[in-house]
>>> print(open('my_file_16.txt').read())   # compact mmCIF, C-alpha atoms
# COMPACT_ATOMS: atom_id res chain seq x y z
CA MET A 1097 0.00 0.00 0.00
CA VAL A 1098 2.86 2.37 0.85
CA ASP A 1099 4.57 1.59 -2.48
CA GLN A 1100 1.32 2.21 -4.36
CA LEU A 1101 0.77 5.56 -2.63
CA ALA A 1102 4.37 6.60 -3.36
CA PHE A 1103 3.98 5.64 -7.01
CA THR A 1104 0.67 7.50 -7.30
CA GLN A 1105 2.19 10.66 -5.83
CA GLU A 1106 5.29 10.43 -8.02
CA ASN A 1107 3.16 9.87 -11.12
CA ARG A 1108 0.97 12.86 -10.31
CA GLU A 1109 4.04 15.07 -9.89
CA ARG A 1110 5.44 13.88 -13.23
CA ILE A 1111 2.18 14.65 -15.04
CA GLN A 1112 2.00 18.06 -13.38
CA ALA A 1113 5.55 18.81 -14.53
CA VAL A 1114 4.63 17.89 -18.13
CA GLU A 1115 1.52 20.04 -17.94
CA ASN A 1116 3.46 23.01 -16.52
CA SER A 1117 6.15 22.78 -19.22
CA PHE A 1118 3.59 23.89 -21.83
CA GLY A 1119 2.63 26.97 -19.83
CA PRO A 1120 -0.87 28.51 -19.80
CA SER A 1121 -1.51 27.50 -23.43
CA GLY A 1122 -1.29 23.78 -22.62
CA LYS A 1123 -4.26 21.55 -21.90
CA SER A 1124 -4.87 19.95 -18.53
CA LEU A 1125 -3.42 16.43 -18.56
CA PHE A 1126 -4.11 15.00 -15.11
CA ARG A 1127 -6.66 12.23 -14.65
CA PRO A 1128 -6.83 9.79 -11.73
CA ASP A 1129 -6.27 6.79 -14.02
CA ARG A 1130 -3.60 8.38 -16.25
CA VAL A 1131 0.01 7.23 -15.96
CA LEU A 1132 3.10 8.74 -17.57
CA ILE A 1133 4.98 5.90 -19.29
CA GLY A 1134 7.93 7.70 -20.84
CA GLU A 1135 9.25 10.84 -22.46
CA GLY A 1136 11.99 11.89 -24.84
CA TRP A 1137 12.99 13.74 -27.98
CA LEU A 1138 12.20 12.37 -31.42
CA MET A 1139 12.98 13.84 -34.82
CA LYS A 1140 9.75 14.72 -36.66
CA LEU A 1141 9.76 15.27 -40.41
CA SER A 1142 8.52 18.76 -41.19
CA ARG A 1143 7.75 20.35 -44.55
CA ARG A 1144 11.39 21.35 -45.06
CA ARG A 1145 13.51 19.08 -42.88
CA PRO A 1146 13.47 16.91 -39.73
CA GLN A 1147 13.24 18.78 -36.45
CA PRO A 1148 13.33 17.70 -32.79
CA LYS A 1149 10.08 17.42 -30.85
CA VAL A 1150 9.42 16.37 -27.27
CA PHE A 1151 7.07 13.39 -26.88
CA PHE A 1152 5.28 12.20 -23.74
CA LEU A 1153 3.70 8.75 -23.75
CA PHE A 1154 0.86 8.12 -21.30
CA ASN A 1155 -1.17 4.94 -20.90
CA ASP A 1156 -4.04 6.48 -22.93
CA ILE A 1157 -2.64 9.43 -24.92
CA LEU A 1158 0.45 10.60 -26.80
CA VAL A 1159 1.45 14.25 -26.28
CA TYR A 1160 4.07 16.15 -28.25
CA GLY A 1161 5.19 19.71 -28.80
CA SER A 1162 7.94 22.06 -29.89
CA ILE A 1163 11.06 22.55 -27.79
CA ILE A 1164 12.12 25.99 -26.51
CA LEU A 1165 14.63 27.28 -23.97
CA ASN A 1166 17.04 24.33 -24.24
CA GLY A 1167 14.28 21.77 -23.78
CA ARG A 1168 12.97 23.06 -20.47
CA TRP A 1169 9.79 24.57 -21.91
CA HIS A 1170 7.49 23.50 -24.71
CA LYS A 1171 4.79 24.96 -26.96
CA ASN A 1172 2.32 23.91 -29.67
CA GLN A 1173 0.92 21.06 -27.58
CA HIS A 1174 -0.72 18.20 -29.50
CA VAL A 1175 -2.71 15.49 -27.69
CA ILE A 1176 -3.58 12.25 -29.51
CA SER A 1177 -5.73 9.43 -28.14
CA LEU A 1178 -3.91 6.10 -28.42
CA GLU A 1179 -7.15 4.57 -29.71
CA ASP A 1180 -6.72 6.75 -32.83
CA ILE A 1181 -3.09 5.85 -33.53
CA GLN A 1182 -1.68 3.40 -36.05
CA LEU A 1183 2.06 2.73 -36.34
CA GLU A 1184 3.92 1.59 -39.44
CA ASP A 1185 7.53 0.46 -39.30
CA LEU A 1186 9.78 1.91 -42.01
CA GLU A 1187 13.24 1.30 -43.40
CA ASP A 1188 15.90 3.99 -42.95
CA GLY A 1189 15.34 6.96 -45.26
CA VAL A 1190 17.73 9.36 -46.96
CA HIS A 1191 17.10 12.09 -44.39
CA MET A 1192 16.12 10.06 -41.30
CA GLU A 1193 17.31 6.76 -39.83
CA ASN A 1194 15.39 4.63 -37.30
CA GLN A 1195 12.12 6.08 -38.52
CA TRP A 1196 8.49 5.00 -38.41
CA LEU A 1197 5.11 6.45 -39.34
CA ILE A 1198 2.48 7.61 -36.86
CA ARG A 1199 -0.98 7.73 -38.43
CA THR A 1200 -3.90 9.58 -36.85
CA PRO A 1201 -7.27 10.65 -38.27
CA ARG A 1202 -6.32 14.32 -38.50
CA LYS A 1203 -2.57 14.19 -39.01
CA SER A 1204 -0.03 11.56 -40.03
CA PHE A 1205 3.72 12.12 -39.76
CA TYR A 1206 7.16 10.50 -39.74
CA VAL A 1207 9.32 10.36 -36.61
CA ALA A 1208 12.77 8.94 -35.94
CA ALA A 1209 14.69 7.86 -32.84
CA ALA A 1210 18.38 8.28 -32.12
CA SER A 1211 19.02 4.52 -32.32
CA ALA A 1212 17.39 1.27 -33.41
CA GLU A 1213 16.99 0.24 -29.76
CA GLU A 1214 15.17 3.43 -28.86
CA LYS A 1215 12.95 3.12 -31.92
CA ARG A 1216 11.99 -0.41 -30.90
CA ALA A 1217 11.31 0.71 -27.30
CA TRP A 1218 9.08 3.58 -28.41
CA MET A 1219 7.09 1.44 -30.84
CA GLU A 1220 6.67 -1.43 -28.38
CA HIS A 1221 5.53 0.85 -25.56
CA ILE A 1222 3.07 2.73 -27.77
CA GLU A 1223 1.63 -0.49 -29.20
CA ASP A 1224 1.36 -2.06 -25.74
CA CYS A 1225 -0.46 0.96 -24.28
CA ARG A 1226 -2.70 1.19 -27.33
CA PHE A 1227 -3.67 -2.49 -27.07
CA LYS A 1228 -4.50 -2.16 -23.38
CA GLN A 1229 -6.48 1.03 -23.97
CA LEU A 1230 -8.57 -0.60 -26.72
CA GLN A 1231 -9.25 -3.55 -24.44
CA HIS A 1232 -10.18 -1.28 -21.56
CA ALA A 1233 -12.49 0.85 -23.72
CA GLY A 1234 -13.95 -2.19 -25.47
CA CYS A 1235 -13.71 -0.58 -28.90
CA GLN A 1236 -12.16 -1.32 -32.29
CA PRO A 1237 -9.20 0.62 -33.72
CA GLY A 1238 -9.95 3.42 -36.17
CA CYS A 1239 -9.70 2.95 -39.93
CA ALA A 1240 -9.70 6.54 -41.28
CA PHE A 1241 -6.29 8.22 -41.18
CA ALA A 1242 -4.90 11.43 -42.62
CA THR A 1243 -2.53 11.12 -45.57
CA THR A 1244 1.11 11.98 -44.89
CA TRP A 1245 2.28 15.10 -46.68
CA ILE A 1246 5.13 14.80 -49.17
CA PRO A 1247 7.91 17.16 -47.95
CA ASP A 1248 8.41 20.40 -49.89
CA ARG A 1249 11.91 19.52 -51.05
CA ALA A 1250 10.77 16.19 -52.47
CA SER A 1251 9.52 17.92 -55.62
CA ALA A 1252 10.72 20.97 -57.56
CA ILE A 1253 7.58 20.89 -59.69
CA CYS A 1254 3.85 20.81 -59.06
CA MET A 1255 2.90 17.15 -58.86
CA ARG A 1256 -0.29 17.80 -60.84
CA CYS A 1257 0.49 20.32 -63.62
CA LEU A 1258 4.27 19.62 -63.57
CA LYS A 1259 5.17 23.33 -63.70
CA PRO A 1260 8.27 24.33 -61.68
CA PHE A 1261 7.91 26.14 -58.38
CA ARG A 1262 9.29 29.68 -58.24
CA VAL A 1263 9.30 32.62 -55.86
CA ASN A 1264 5.85 33.62 -57.09
CA LYS A 1265 4.64 30.02 -57.47
CA ARG A 1266 4.46 28.66 -53.93
CA ARG A 1267 4.11 25.09 -52.73
CA HIS A 1268 0.87 23.87 -51.17
CA HIS A 1269 -0.41 20.44 -50.12
CA CYS A 1270 -3.55 18.54 -50.99
CA ARG A 1271 -5.08 17.39 -47.70
CA ARG A 1272 -6.39 14.20 -49.29
CA CYS A 1273 -3.45 12.81 -51.30
CA GLY A 1274 -0.62 14.78 -49.67
CA PHE A 1275 0.89 15.83 -53.02
CA VAL A 1276 2.97 19.01 -53.34
CA ILE A 1277 0.94 21.26 -55.63
CA CYS A 1278 0.77 24.87 -56.81
CA ASN A 1279 -1.95 27.38 -55.97
CA ALA A 1280 -3.62 27.01 -59.38
CA CYS A 1281 -3.98 23.26 -58.86
CA SER A 1282 -5.31 23.60 -55.31
CA LYS A 1283 -8.03 26.22 -55.54
CA ASN A 1284 -10.75 23.69 -54.77
CA ARG A 1285 -11.96 22.96 -51.25
CA ALA A 1286 -13.73 19.88 -49.91
CA VAL A 1287 -14.79 18.42 -46.57
CA ILE A 1288 -12.71 15.46 -45.38
CA CYS A 1289 -14.51 14.53 -42.19
CA HIS A 1290 -11.74 12.86 -40.20
CA ILE A 1291 -9.56 15.96 -40.77
CA SER A 1292 -12.01 18.86 -40.45
CA THR A 1293 -15.69 19.68 -40.65
CA LYS A 1294 -14.73 22.75 -42.68
CA PRO A 1295 -13.63 22.62 -46.35
CA VAL A 1296 -9.88 22.09 -46.75
CA ARG A 1297 -7.49 22.51 -49.68
CA VAL A 1298 -7.53 19.66 -52.22
CA CYS A 1299 -6.11 19.19 -55.70
CA GLN A 1300 -8.34 19.04 -58.77
CA LEU A 1301 -8.10 15.26 -59.11
CA CYS A 1302 -9.09 14.64 -55.49
CA HIS A 1303 -11.87 17.21 -55.75
CA LEU A 1304 -13.38 15.33 -58.68
CA SER A 1305 -13.01 12.02 -56.85
CA LEU A 1306 -14.66 13.41 -53.71
CA HIS A 1307 -17.45 14.91 -55.77
CA ASP A 1308 -18.13 11.52 -57.36
CA HIS A 1309 -18.29 9.83 -53.93
CA GLY A 1310 -19.86 12.71 -52.01
CA ASP A 1311 -18.13 15.83 -50.70
CA SER A 1312 -17.86 14.38 -47.19
CA ASP A 1313 -15.52 11.64 -48.46
CA GLY A 1314 -18.11 9.01 -47.60
CA ARG A 1315 -18.20 9.71 -43.86
CA ASN A 1316 -20.60 11.41 -41.48
CA CYS A 1317 -19.29 14.70 -40.09
CA SER A 1318 -22.00 15.27 -37.50
CA ASP A 1319 -19.94 13.90 -34.59
CA GLU A 1320 -16.74 15.82 -35.38
CA SER A 1321 -15.67 18.60 -33.04
CA ASP A 1322 -12.74 20.98 -32.65
CA PRO A 1323 -11.67 20.78 -36.31
CA VAL A 1324 -7.91 20.85 -36.80
CA MET A 1325 -6.13 21.53 -40.07
CA PRO A 1326 -3.10 19.36 -40.84
CA GLU A 1327 0.02 21.43 -40.31
CA TYR A 1328 3.78 21.34 -40.03
CA GLU A 1329 5.72 23.34 -37.48
CA ALA A 1330 8.63 25.65 -38.27
CA THR A 1331 12.02 23.93 -38.28
CA THR A 1332 14.71 24.29 -35.62
CA ASP A 1333 18.35 23.22 -35.34
CA ASP A 1334 18.22 21.58 -31.91
CA GLU A 1335 19.90 18.24 -31.31
CA ALA A 1336 17.84 15.11 -30.71
CA ASP A 1337 18.18 13.13 -27.48
CA ILE A 1338 15.85 10.30 -26.45
CA ARG A 1339 15.22 8.91 -22.98
CA LEU A 1340 12.49 6.69 -21.55
CA LEU A 1341 11.34 7.04 -17.99
CA SER A 1342 11.29 4.02 -15.72
CA HIS A 1343 9.92 3.13 -12.34
CA PRO A 1344 12.81 2.61 -9.84
CA ARG A 1345 11.84 -1.06 -9.41
CA LEU A 1346 11.72 -1.90 -13.13
CA PRO A 1347 14.45 -2.08 -15.81
CA ILE A 1348 14.91 1.00 -18.00
CA ASN A 1349 13.51 -0.76 -21.10
CA LYS A 1350 10.18 -1.46 -19.40
CA PRO A 1351 7.33 0.97 -18.76
CA TYR A 1352 6.80 1.87 -15.14
CA VAL A 1353 3.04 1.23 -15.26
CA GLN A 1354 1.78 -0.84 -12.36
CA ASP A 1355 -1.00 -3.28 -13.29
>>> encode(input="my_file_16.txt", output="structure tokens")
Amino acid sequence: MVDQLAFTQENRERIQAVENSFGPSGKSLFRPDRVLIGEGWLMKLSRRRPQPKVFFLFNDILVYGSIILNGRWHKNQHVISLEDIQLEDLEDGVHMENQWLIRTPRKSFYVAAASAEEKRAWMEHIEDCRFKQLQHAGCQPGCAFATTWIPDRASAICMRCLKPFRVNKRRHHCRRCGFVICNACSKNRAVICHISTKPVRVCQLCHLSLHDHGDSDGRNCSDESDPVMPEYEATTDDEADIRLLSHPRLPINKPYVQD
């Protein structure tokens, strides 16, 4: 009983520290049944290049944000329910090693760890927490996920009209296919329910496809709330450094959750 009380108090203090690190703009994270499993820095692929982000894994959610003030404070908090996450293992890429894909209904993105061991630990812990959360909630995993955006530098030309990008011909992204496209090829807007209840930018081809199958992309938008547009954060030059938390009585490569 004493050990359980000590763990509960320590866990609450850890969650409070995470919550405070995002300042007044962060969301409240504490819940009686929520446990902080681990935290660390991962490289996240942005529109222009990989950049370090801080990630916090809880037993029911994944939280991440931008790093400021040498990692002591964070901003741009994102909170994702583990029930809405799907992981896909990937081979090493040209710009990122030890990478994998995190899919969510509203945003899908690539992340990378500092080593193969840390990548495996992150993926195993996320999958384990996700499995337990689905069992606890008695629900099935989601099936609608946002398309990953192709990075800006991956194409020097519009991937629809094939015209080169210039200073006055900016890059944009289709929210449905993720292609890098010009403004002329992305003037159409359509509702993609698992991304936003409001019309979002789509290319001409996707607009025609959505129109043929219904502008809501075949899904009901009535239950959607707090619409969020897919976005990439500005890049930084910070170094990446990963670490997983552990309970004092468990090895470092195990989560400190107590069953």
>>> closest_residue(input="my_file_16.txt", among="A:Trp1245, A:Trp1196, A:Phe1151, A:Phe1205", to="Ile1277 of chain A", atoms="all atoms listed in the file")
A:Trp1245
>>> closest_residue(input="my_file_16.txt", among="A:Met1192, A:Ala1242, A:Leu1153, A:Val1276", to="Arg1226 of chain A", atoms="all atoms listed in the file")
A:Leu1153
>>> residues_around(input="my_file_16.txt", residues="Val1298 of chain A", least_positions_apart="5", cutoff="7 Å", atoms="only C-alpha atoms", output="PyMOL selection string")
chain A and resi 1270-1272+1282+1284-1286+1303
>>> closest_atom_pairs(input="my_file_16.txt", of="segment 1118-1232 of chain A", to="segment 1109-1114 of chain A", cutoff="9 Å", atoms="only C-alpha atoms", output="tab-separated table")
residue	atom	partner	partner_atom	distance
A:Phe1118	CA	A:Val1114	CA	7.1
A:Ser1124	CA	A:Gln1112	CA	8.8
A:Leu1125	CA	A:Ile1111	CA	6.8
A:Phe1126	CA	A:Ile1111	CA	6.3
A:Arg1130	CA	A:Ile1111	CA	8.6
A:Val1131	CA	A:Ile1111	CA	7.8
A:Leu1132	CA	A:Ile1111	CA	6.5
A:Phe1152	CA	A:Val1114	CA	8.0
>>> closest_residue(input="my_file_16.txt", among="A:Ile1246, A:Ile1181, A:Cys1257, A:Cys1235", to="Leu1141 of chain A", atoms="only C-alpha atoms")
A:Ile1246
>>> closest_residue(input="my_file_16.txt", among="A:Ile1157, A:Pro1148, A:Asn1116, A:Asn1107", to="Pro1128 of chain A", atoms="all atoms listed in the file")
A:Asn1107
>>> atom_distance(input="my_file_16.txt", atom1="atom CA of Ala1209 of chain A", atom2="atom CA of Leu1138 of chain A")
5.3 Å
>>> atom_distance(input="my_file_16.txt", atom1="atom CA of Lys1149 of chain A", atom2="atom CA of Ser1162 of chain A")
5.2 Å
>>> atom_distance(input="my_file_16.txt", atom1="atom CA of Ser1121 of chain A", atom2="atom CA of Ile1176 of chain A")
16.5 Å
>>> closest_residue(input="my_file_16.txt", among="A:Arg1266, A:Arg1108, A:Arg1297, A:Arg1202", to="Thr1243 of chain A", atoms="all atoms listed in the file")
A:Arg1202
>>> closest_residue(input="my_file_16.txt", among="A:Ser1177, A:Thr1200, A:Leu1101, A:Ser1117", to="Ile1164 of chain A", atoms="all atoms listed in the file")
A:Ser1117
